[in-house]
file protein-v3.pdb (PDB, C-alpha atoms)
ATOM      1  CA  MET A   1      29.432  -3.250   7.566  1.00  0.00           C
ATOM      2  CA  SER A   2      28.516  -0.740   4.856  1.00  0.00           C
ATOM      3  CA  ARG A   3      24.891   0.017   4.106  1.00  0.00           C
ATOM      4  CA  GLY A   4      25.247  -1.595   0.703  1.00  0.00           C
ATOM      5  CA  ALA A   5      26.671  -4.799   2.157  1.00  0.00           C
ATOM      6  CA  ALA A   6      23.926  -5.029   4.776  1.00  0.00           C
ATOM      7  CA  ALA A   7      21.240  -4.285   2.199  1.00  0.00           C
ATOM      8  CA  ALA A   8      22.337  -7.129  -0.049  1.00  0.00           C
ATOM      9  CA  ARG A   9      20.444  -9.658   2.089  1.00  0.00           C
ATOM     10  CA  ARG A  10      17.430  -7.451   2.834  1.00  0.00           C
ATOM     11  CA  TRP A  11      14.198  -6.516   1.097  1.00  0.00           C
ATOM     12  CA  VAL A  12      11.810  -3.585   1.257  1.00  0.00           C
ATOM     13  CA  CYS A  13       8.260  -4.445   0.219  1.00  0.00           C
ATOM     14  CA  LEU A  14       5.956  -1.543  -0.602  1.00  0.00           C
ATOM     15  CA  ASP A  15       2.181  -1.271  -0.581  1.00  0.00           C
ATOM     16  CA  VAL A  16       0.500   0.568  -3.476  1.00  0.00           C
ATOM     17  CA  GLY A  17      -2.534   2.620  -2.400  1.00  0.00           C
ATOM     18  CA  GLU A  18      -1.486   5.717  -0.427  1.00  0.00           C
ATOM     19  CA  THR A  19       2.079   4.432  -0.459  1.00  0.00           C
ATOM     20  CA  LEU A  20       3.069   4.734  -4.115  1.00  0.00           C
ATOM     21  CA  ILE A  21      -0.280   5.878  -5.506  1.00  0.00           C
ATOM     22  CA  GLU A  22      -2.475   8.729  -4.263  1.00  0.00           C
ATOM     23  CA  GLU A  23      -6.059   7.461  -4.486  1.00  0.00           C
ATOM     24  CA  THR A  24      -8.160  10.622  -4.692  1.00  0.00           C
ATOM     25  CA  ARG A  25      -8.910  10.138  -8.377  1.00  0.00           C
ATOM     26  CA  ALA A  26      -9.875   6.488  -7.875  1.00  0.00           C
ATOM     27  CA  TRP A  27     -12.327   7.234  -5.082  1.00  0.00           C
ATOM     28  CA  GLY A  28     -13.546  10.299  -6.969  1.00  0.00           C
ATOM     29  CA  ALA A  29     -14.551   8.054  -9.873  1.00  0.00           C
ATOM     30  CA  TRP A  30     -16.810   6.126  -7.491  1.00  0.00           C
ATOM     31  CA  ALA A  31     -18.375   9.309  -6.115  1.00  0.00           C
ATOM     32  CA  ASP A  32     -19.038  10.604  -9.623  1.00  0.00           C
ATOM     33  CA  ASP A  33     -20.632   7.352 -10.772  1.00  0.00           C
ATOM     34  CA  LEU A  34     -22.903   7.298  -7.735  1.00  0.00           C
ATOM     35  CA  GLY A  35     -23.857  10.954  -8.217  1.00  0.00           C
ATOM     36  CA  ILE A  36     -22.571  11.873  -4.746  1.00  0.00           C
ATOM     37  CA  PRO A  37     -20.611  15.104  -4.231  1.00  0.00           C
ATOM     38  CA  ARG A  38     -16.974  14.182  -3.743  1.00  0.00           C
ATOM     39  CA  LEU A  39     -16.622  16.087  -0.469  1.00  0.00           C
ATOM     40  CA  THR A  40     -19.599  14.218   0.977  1.00  0.00           C
ATOM     41  CA  PHE A  41     -18.318  10.863  -0.247  1.00  0.00           C
ATOM     42  CA  PHE A  42     -14.809  11.460   1.127  1.00  0.00           C
ATOM     43  CA  ALA A  43     -16.152  12.683   4.482  1.00  0.00           C
ATOM     44  CA  VAL A  44     -18.266   9.558   4.954  1.00  0.00           C
ATOM     45  CA  LEU A  45     -15.381   7.324   3.903  1.00  0.00           C
ATOM     46  CA  GLY A  46     -13.168   9.073   6.451  1.00  0.00           C
ATOM     47  CA  ALA A  47     -15.724   8.565   9.197  1.00  0.00           C
ATOM     48  CA  ILE A  48     -15.864   4.838   8.415  1.00  0.00           C
ATOM     49  CA  VAL A  49     -12.066   4.587   8.484  1.00  0.00           C
ATOM     50  CA  ALA A  50     -11.954   6.486  11.790  1.00  0.00           C
ATOM     51  CA  ARG A  51     -14.259   3.992  13.515  1.00  0.00           C
ATOM     52  CA  GLY A  52     -12.349   1.013  12.140  1.00  0.00           C
ATOM     53  CA  GLY A  53     -14.847  -0.011   9.481  1.00  0.00           C
ATOM     54  CA  ASP A  54     -14.107  -1.587   6.116  1.00  0.00           C
ATOM     55  CA  GLN A  55     -13.888   0.800   3.183  1.00  0.00           C
ATOM     56  CA  SER A  56     -16.683  -1.052   1.358  1.00  0.00           C
ATOM     57  CA  GLU A  57     -19.074   0.163   4.068  1.00  0.00           C
ATOM     58  CA  VAL A  58     -19.121   3.540   2.342  1.00  0.00           C
ATOM     59  CA  PHE A  59     -21.550   2.051  -0.186  1.00  0.00           C
ATOM     60  CA  ASP A  60     -23.843   0.816   2.579  1.00  0.00           C
ATOM     61  CA  ALA A  61     -23.821   4.301   4.059  1.00  0.00           C
ATOM     62  CA  PHE A  62     -25.273   5.673   0.832  1.00  0.00           C
ATOM     63  CA  GLY A  63     -27.693   2.795   0.328  1.00  0.00           C
ATOM     64  CA  VAL A  64     -25.851   1.417  -2.700  1.00  0.00           C
ATOM     65  CA  SER A  65     -26.279  -2.357  -2.920  1.00  0.00           C
ATOM     66  CA  ASP A  66     -25.204  -2.874  -6.537  1.00  0.00           C
ATOM     67  CA  TRP A  67     -21.713  -1.417  -6.335  1.00  0.00           C
ATOM     68  CA  HIS A  68     -20.104  -4.686  -7.476  1.00  0.00           C
ATOM     69  CA  ALA A  69     -22.012  -4.428 -10.740  1.00  0.00           C
ATOM     70  CA  ARG A  70     -20.667  -0.912 -11.262  1.00  0.00           C
ATOM     71  CA  ARG A  71     -16.991  -1.863 -11.041  1.00  0.00           C
ATOM     72  CA  ASP A  72     -16.278  -2.176 -14.760  1.00  0.00           C
ATOM     73  CA  ARG A  73     -17.953   1.145 -15.542  1.00  0.00           C
ATOM     74  CA  VAL A  74     -16.104   2.929 -12.750  1.00  0.00           C
ATOM     75  CA  GLU A  75     -12.809   1.365 -13.833  1.00  0.00           C
ATOM     76  CA  MET A  76     -13.358   2.607 -17.381  1.00  0.00           C
ATOM     77  CA  ALA A  77     -14.012   6.126 -16.100  1.00  0.00           C
ATOM     78  CA  PHE A  78     -10.952   5.930 -13.852  1.00  0.00           C
ATOM     79  CA  GLY A  79      -8.714   4.728 -16.674  1.00  0.00           C
ATOM     80  CA  GLY A  80      -6.152   2.981 -14.487  1.00  0.00           C
ATOM     81  CA  PHE A  81      -3.117   4.473 -12.771  1.00  0.00           C
ATOM     82  CA  GLN A  82      -1.754   7.563 -14.497  1.00  0.00           C
ATOM     83  CA  PRO A  83       1.350   9.722 -13.858  1.00  0.00           C
ATOM     84  CA  PRO A  84      -0.503  12.305 -11.707  1.00  0.00           C
ATOM     85  CA  ASP A  85      -1.548   9.496  -9.333  1.00  0.00           C
ATOM     86  CA  LEU A  86       2.054   8.743  -8.333  1.00  0.00           C
ATOM     87  CA  TYR A  87       3.286  10.317  -5.135  1.00  0.00           C
ATOM     88  CA  PRO A  88       6.297  12.520  -5.987  1.00  0.00           C
ATOM     89  CA  ASP A  89       8.644  10.347  -3.919  1.00  0.00           C
ATOM     90  CA  ALA A  90       7.407   6.977  -5.226  1.00  0.00           C
ATOM     91  CA  LEU A  91       9.703   6.151  -8.143  1.00  0.00           C
ATOM     92  CA  SER A  92      12.728   7.895  -6.656  1.00  0.00           C
ATOM     93  CA  CYS A  93      12.368   5.826  -3.475  1.00  0.00           C
ATOM     94  CA  VAL A  94      12.357   2.559  -5.411  1.00  0.00           C
ATOM     95  CA  ASP A  95      15.355   3.649  -7.481  1.00  0.00           C
ATOM     96  CA  ARG A  96      17.292   4.738  -4.395  1.00  0.00           C
ATOM     97  CA  LEU A  97      16.565   1.497  -2.527  1.00  0.00           C
ATOM     98  CA  ARG A  98      17.816  -0.583  -5.430  1.00  0.00           C
ATOM     99  CA  ALA A  99      20.883   1.624  -5.825  1.00  0.00           C
ATOM    100  CA  ASP A 100      21.641   1.024  -2.140  1.00  0.00           C
ATOM    101  CA  GLY A 101      21.508  -2.721  -2.703  1.00  0.00           C
ATOM    102  CA  TYR A 102      18.096  -3.579  -1.287  1.00  0.00           C
ATOM    103  CA  GLY A 103      15.720  -5.938  -3.035  1.00  0.00           C
ATOM    104  CA  VAL A 104      12.492  -4.050  -3.737  1.00  0.00           C
ATOM    105  CA  ALA A 105       9.082  -5.688  -3.989  1.00  0.00           C
ATOM    106  CA  VAL A 106       5.677  -4.110  -4.604  1.00  0.00           C
ATOM    107  CA  VAL A 107       2.971  -6.509  -3.430  1.00  0.00           C
ATOM    108  CA  ALA A 108      -0.459  -5.141  -2.555  1.00  0.00           C
ATOM    109  CA  ASN A 109      -4.226  -5.623  -2.491  1.00  0.00           C
ATOM    110  CA  GLN A 110      -4.975  -4.507  -6.027  1.00  0.00           C
ATOM    111  CA  PRO A 111      -6.556  -5.773  -9.255  1.00  0.00           C
ATOM    112  CA  ALA A 112      -4.188  -7.791 -11.449  1.00  0.00           C
ATOM    113  CA  SER A 113      -4.180  -5.044 -14.104  1.00  0.00           C
ATOM    114  CA  ARG A 114      -2.409  -2.631 -11.752  1.00  0.00           C
ATOM    115  CA  ARG A 115       0.891  -4.503 -12.231  1.00  0.00           C
ATOM    116  CA  ASP A 116       1.242  -3.495 -15.882  1.00  0.00           C
ATOM    117  CA  GLU A 117       0.001   0.000 -15.110  1.00  0.00           C
ATOM    118  CA  LEU A 118       2.725   0.484 -12.498  1.00  0.00           C
ATOM    119  CA  LEU A 119       5.391  -0.836 -14.855  1.00  0.00           C
ATOM    120  CA  ALA A 120       4.159   1.558 -17.550  1.00  0.00           C
ATOM    121  CA  LEU A 121       4.598   4.435 -15.085  1.00  0.00           C
ATOM    122  CA  GLY A 122       8.291   3.568 -14.756  1.00  0.00           C
ATOM    123  CA  LEU A 123       8.309   1.394 -11.640  1.00  0.00           C
ATOM    124  CA  LYS A 124      11.519  -0.641 -11.615  1.00  0.00           C
ATOM    125  CA  ALA A 125      11.052  -2.978  -8.654  1.00  0.00           C
ATOM    126  CA  ASP A 126      12.524  -6.480  -8.519  1.00  0.00           C
ATOM    127  CA  VAL A 127       9.113  -8.014  -7.767  1.00  0.00           C
ATOM    128  CA  VAL A 128       5.694  -6.582  -8.674  1.00  0.00           C
ATOM    129  CA  ALA A 129       2.613  -8.659  -7.853  1.00  0.00           C
ATOM    130  CA  MET A 130      -1.032  -7.864  -7.113  1.00  0.00           C
ATOM    131  CA  SER A 131      -3.323  -9.796  -4.785  1.00  0.00           C
ATOM    132  CA  GLU A 132      -5.944 -10.599  -7.419  1.00  0.00           C
ATOM    133  CA  ALA A 133      -3.353 -12.418  -9.519  1.00  0.00           C
ATOM    134  CA  LEU A 134      -1.835 -14.134  -6.472  1.00  0.00           C
ATOM    135  CA  GLY A 135      -5.175 -15.249  -5.054  1.00  0.00           C
ATOM    136  CA  VAL A 136      -4.245 -14.085  -1.540  1.00  0.00           C
ATOM    137  CA  TYR A 137      -5.150 -10.843   0.172  1.00  0.00           C
ATOM    138  CA  LYS A 138      -4.058  -8.736   3.121  1.00  0.00           C
ATOM    139  CA  PRO A 139      -4.252  -9.047   6.037  1.00  0.00           C
ATOM    140  CA  THR A 140      -4.131 -12.855   5.818  1.00  0.00           C
ATOM    141  CA  THR A 141      -1.069 -14.826   6.811  1.00  0.00           C
ATOM    142  CA  ALA A 142      -1.086 -16.391   3.335  1.00  0.00           C
ATOM    143  CA  PHE A 143      -0.470 -12.990   1.748  1.00  0.00           C
ATOM    144  CA  TYR A 144       2.681 -12.387   3.767  1.00  0.00           C
ATOM    145  CA  GLU A 145       3.861 -15.928   3.175  1.00  0.00           C
ATOM    146  CA  ARG A 146       3.616 -15.209  -0.565  1.00  0.00           C
ATOM    147  CA  VAL A 147       5.671 -12.054  -0.085  1.00  0.00           C
ATOM    148  CA  LEU A 148       8.432 -14.173   1.427  1.00  0.00           C
ATOM    149  CA  GLU A 149       8.207 -16.671  -1.423  1.00  0.00           C
ATOM    150  CA  LEU A 150       8.335 -13.951  -4.061  1.00  0.00           C
ATOM    151  CA  THR A 151      11.331 -12.216  -2.523  1.00  0.00           C
ATOM    152  CA  GLY A 152      13.188 -15.388  -1.730  1.00  0.00           C
ATOM    153  CA  ALA A 153      14.156 -13.928   1.642  1.00  0.00           C
ATOM    154  CA  LYS A 154      15.503 -16.623   3.939  1.00  0.00           C
ATOM    155  CA  LEU A 155      14.260 -14.888   7.066  1.00  0.00           C
ATOM    156  CA  ALA A 156      11.067 -12.862   7.525  1.00  0.00           C
ATOM    157  CA  ARG A 157      13.001 -10.346   9.608  1.00  0.00           C
ATOM    158  CA  ASP A 158      15.053  -9.467   6.532  1.00  0.00           C
ATOM    159  CA  VAL A 159      11.928  -7.978   4.919  1.00  0.00           C
ATOM    160  CA  ALA A 160      10.524  -4.545   5.776  1.00  0.00           C
ATOM    161  CA  TYR A 161       6.888  -4.072   4.771  1.00  0.00           C
ATOM    162  CA  VAL A 162       5.863  -0.454   4.164  1.00  0.00           C
ATOM    163  CA  GLY A 163       2.222   0.579   4.109  1.00  0.00           C
ATOM    164  CA  ASP A 164      -0.283   3.194   5.235  1.00  0.00           C
ATOM    165  CA  ARG A 165      -2.696   0.927   7.137  1.00  0.00           C
ATOM    166  CA  ILE A 166      -2.265  -0.378  10.665  1.00  0.00           C
ATOM    167  CA  ASP A 167      -4.803  -3.181  10.170  1.00  0.00           C
ATOM    168  CA  ASN A 168      -3.691  -4.384   6.735  1.00  0.00           C
ATOM    169  CA  ASP A 169       0.022  -3.585   6.744  1.00  0.00           C
ATOM    170  CA  VAL A 170       1.632  -2.941  10.103  1.00  0.00           C
ATOM    171  CA  ILE A 171       0.050  -5.503  12.447  1.00  0.00           C
ATOM    172  CA  PRO A 172      -0.044  -8.481  10.039  1.00  0.00           C
ATOM    173  CA  SER A 173       3.473  -7.921   8.682  1.00  0.00           C
ATOM    174  CA  ALA A 174       4.788  -7.724  12.258  1.00  0.00           C
ATOM    175  CA  ALA A 175       2.897 -10.921  13.094  1.00  0.00           C
ATOM    176  CA  ALA A 176       4.562 -12.574  10.102  1.00  0.00           C
ATOM    177  CA  GLY A 177       7.962 -11.709  11.559  1.00  0.00           C
ATOM    178  CA  MET A 178       8.710  -8.867   9.142  1.00  0.00           C
ATOM    179  CA  ARG A 179       9.787  -5.383  10.086  1.00  0.00           C
ATOM    180  CA  PRO A 180       6.787  -3.069   9.764  1.00  0.00           C
ATOM    181  CA  VAL A 181       6.978   0.528   8.572  1.00  0.00           C
ATOM    182  CA  TRP A 182       3.917   2.747   8.944  1.00  0.00           C
ATOM    183  CA  LEU A 183       3.695   5.460   6.294  1.00  0.00           C
ATOM    184  CA  ARG A 184       1.448   8.166   7.703  1.00  0.00           C
ATOM    185  CA  ARG A 185      -0.338   9.552   4.665  1.00  0.00           C
ATOM    186  CA  GLY A 186      -3.763   9.059   3.150  1.00  0.00           C
ATOM    187  CA  PRO A 187      -6.915   8.591   5.270  1.00  0.00           C
ATOM    188  CA  TRP A 188      -5.714   5.498   7.132  1.00  0.00           C
ATOM    189  CA  GLY A 189      -2.324   7.055   7.829  1.00  0.00           C
ATOM    190  CA  HIS A 190      -3.955   9.946   9.669  1.00  0.00           C
ATOM    191  CA  LEU A 191      -7.000   8.317  11.262  1.00  0.00           C
ATOM    192  CA  GLN A 192      -5.619   5.040  12.620  1.00  0.00           C
ATOM    193  CA  SER A 193      -3.521   4.673  15.753  1.00  0.00           C
ATOM    194  CA  LEU A 194      -0.357   2.640  16.182  1.00  0.00           C
ATOM    195  CA  PRO A 195      -0.398  -0.050  18.902  1.00  0.00           C
ATOM    196  CA  PRO A 196       2.749   0.106  21.051  1.00  0.00           C
ATOM    197  CA  PHE A 197       3.719  -3.541  20.564  1.00  0.00           C
ATOM    198  CA  THR A 198       4.418  -3.467  16.811  1.00  0.00           C
ATOM    199  CA  GLY A 199       7.862  -1.886  16.984  1.00  0.00           C
ATOM    200  CA  ALA A 200       7.083  -0.162  13.694  1.00  0.00           C
ATOM    201  CA  LEU A 201       9.146   2.630  12.223  1.00  0.00           C
ATOM    202  CA  VAL A 202       6.829   5.598  11.581  1.00  0.00           C
ATOM    203  CA  VAL A 203       7.541   7.911   8.641  1.00  0.00           C
ATOM    204  CA  ASP A 204       5.602  10.658   6.862  1.00  0.00           C
ATOM    205  CA  SER A 205       7.063  10.129   3.399  1.00  0.00           C
ATOM    206  CA  LEU A 206       9.114   7.694   1.357  1.00  0.00           C
ATOM    207  CA  ASP A 207      11.900  10.255   1.321  1.00  0.00           C
ATOM    208  CA  GLU A 208      11.967  10.014   5.119  1.00  0.00           C
ATOM    209  CA  LEU A 209      11.977   6.229   4.827  1.00  0.00           C
ATOM    210  CA  ILE A 210      15.168   6.385   2.770  1.00  0.00           C
ATOM    211  CA  GLU A 211      16.869   8.578   5.351  1.00  0.00           C
ATOM    212  CA  ARG A 212      15.802   6.434   8.318  1.00  0.00           C
ATOM    213  CA  LEU A 213      15.825   2.953   6.847  1.00  0.00           C
ATOM    214  CA  ASP A 214      18.794   1.862   8.963  1.00  0.00           C
ATOM    215  CA  GLU A 215      16.514   2.240  12.012  1.00  0.00           C
ATOM    216  CA  VAL A 216      14.353  -0.624  10.717  1.00  0.00           C
ATOM    217  CA  TRP A 217      17.188  -3.038  11.362  1.00  0.00           C
ATOM    218  CA  ALA A 218      18.742  -1.264  14.339  1.00  0.00           C
ATOM    219  CA  GLY A 219      20.021  -3.860  16.773  1.00  0.00           C
ATOM    220  CA  ALA A 220      19.416  -6.688  14.306  1.00  0.00           C
TER     221      ALA A 220
END
call {"tool": "encode", "arguments": {"input": "protein-v3.pdb", "output": "structure tokens"}}
result
Amino acid sequence: MSRGAAAARRWVCLDVGETLIEETRAWGAWADDLGIPRLTFFAVLGAIVARGGDQSEVFDAFGVSDWHARRDRVEMAFGGFQPPDLYPDALSCVDRLRADGYGVAVVANQPASRRDELLALGLKADVVAMSEALGVYKPTTAFYERVLELTGAKLARDVAYVGDRIDNDVIPSAAAGMRPVWLRRGPWGHLQSLPPFTGALVVDSLDELIERLDEVWAGA
């Protein structure tokens, strides 16, 4: 069977943060608003990630209790996703997957506004949906059930979920019956460790994903 014929019944679902979008500018906006040097802020965030903590704990570490109230101001300073935030292989990966016959979905834990921002950057996926609009969030089972509904895939094993986080992407997508792909970039991609039971494909870029995608379904 040709790759195109096999791909016709399969989907690749991509995360956003540290998968398509490099988040330095987003986190930098938080550091600037809090008046914390960026290097210090990033170092503390990395330490929290390394010990398995939630990213929101970075605010506790700096004694910031009102960070929720700062969101709108930080978002205004950030200005939404912009072309420099895209990883160089992001749009080309989506285009190549679609050209090869795969269905491509982008479903992630993001504010609803990120959907239009991604489309404005030239993202041409078949499905683009953000958790805030869906009302479900990773790593819940409900999130991955929505991914299946949105793609229309008949079998969970016909969907590969690609993300940078073991806890939010790899383990829960595997538990949902999908084929997990761990993209090792960004803080979580370098500080987390892959459990042996996931059977995940491990790649360091979306370009590598394209070259090795057949391995996701090897023996299927």
call {"tool": "residues_around", "arguments": {"input": "protein-v3.pdb", "residues": "Leu148 (chain A)", "least_positions_apart": "4", "cutoff": "12 Å", "atoms": "only C-alpha atoms", "output": "tab-separated table (two decimals) with C-alpha atoms, in the coordinates of the input"}}
result
chain	number	residue	atom	x	y	z
A	10	ARG	CA	17.43	-7.45	2.83
A	11	TRP	CA	14.20	-6.52	1.10
A	12	VAL	CA	11.81	-3.58	1.26
A	13	CYS	CA	8.26	-4.44	0.22
A	103	GLY	CA	15.72	-5.94	-3.04
A	105	ALA	CA	9.08	-5.69	-3.99
A	107	VAL	CA	2.97	-6.51	-3.43
A	127	VAL	CA	9.11	-8.01	-7.77
A	141	THR	CA	-1.07	-14.83	6.81
A	142	ALA	CA	-1.09	-16.39	3.34
A	143	PHE	CA	-0.47	-12.99	1.75
A	144	TYR	CA	2.68	-12.39	3.77
A	152	GLY	CA	13.19	-15.39	-1.73
A	153	ALA	CA	14.16	-13.93	1.64
A	154	LYS	CA	15.50	-16.62	3.94
A	155	LEU	CA	14.26	-14.89	7.07
A	156	ALA	CA	11.07	-12.86	7.52
A	157	ARG	CA	13.00	-10.35	9.61
A	158	ASP	CA	15.05	-9.47	6.53
A	159	VAL	CA	11.93	-7.98	4.92
A	160	ALA	CA	10.52	-4.54	5.78
A	161	TYR	CA	6.89	-4.07	4.77
A	173	SER	CA	3.47	-7.92	8.68
A	176	ALA	CA	4.56	-12.57	10.10
A	177	GLY	CA	7.96	-11.71	11.56
A	178	MET	CA	8.71	-8.87	9.14
call {"tool": "atom_distance", "arguments": {"input": "protein-v3.pdb", "atom1": "CA of Ala125 (chain A)", "atom2": "CA of Val104 (chain A)"}}
result
5.2 Å
call {"tool": "closest_atom_pairs", "arguments": {"input": "protein-v3.pdb", "of": "region 154-193 of chain A", "to": "region 39-53 of chain A", "cutoff": "10 Å", "atoms": "all atoms listed in the file", "output": "JSON lines"}}
result
{"residue": "A:Asp167", "atom": "CA", "partner": "A:Gly52", "partner_atom": "CA", "distance": 8.9}
{"residue": "A:Gly186", "atom": "CA", "partner": "A:Gly46", "partner_atom": "CA", "distance": 10.0}
{"residue": "A:Pro187", "atom": "CA", "partner": "A:Gly46", "partner_atom": "CA", "distance": 6.4}
{"residue": "A:Trp188", "atom": "CA", "partner": "A:Val49", "partner_atom": "CA", "distance": 6.6}
{"residue": "A:His190", "atom": "CA", "partner": "A:Ala50", "partner_atom": "CA", "distance": 9.0}
{"residue": "A:Leu191", "atom": "CA", "partner": "A:Ala50", "partner_atom": "CA", "distance": 5.3}
{"residue": "A:Gln192", "atom": "CA", "partner": "A:Ala50", "partner_atom": "CA", "distance": 6.6}
{"residue": "A:Ser193", "atom": "CA", "partner": "A:Ala50", "partner_atom": "CA", "distance": 9.5}
call {"tool": "atom_distance", "arguments": {"input": "protein-v3.pdb", "atom1": "CA of Arg185 (chain A)", "atom2": "CA of Leu97 (chain A)"}}
result
20.1 Å
call {"tool": "resolve_selection", "arguments": {"input": "protein-v3.pdb", "expression": "the PyMOL selection byres ((chain A and resi 58-73) around 9)", "output": "MDAnalysis selection string"}}
result
chainID A and resid 30 33:34 36 41 44:45 48 54:57 74:78
call {"tool": "closest_residue", "arguments": {"input": "protein-v3.pdb", "among": "A:Ala218, A:Ala90, A:Ala200, A:Leu121", "to": "Glu22 (chain A)", "atoms": "all atoms listed in the file"}}
result
A:Ala90
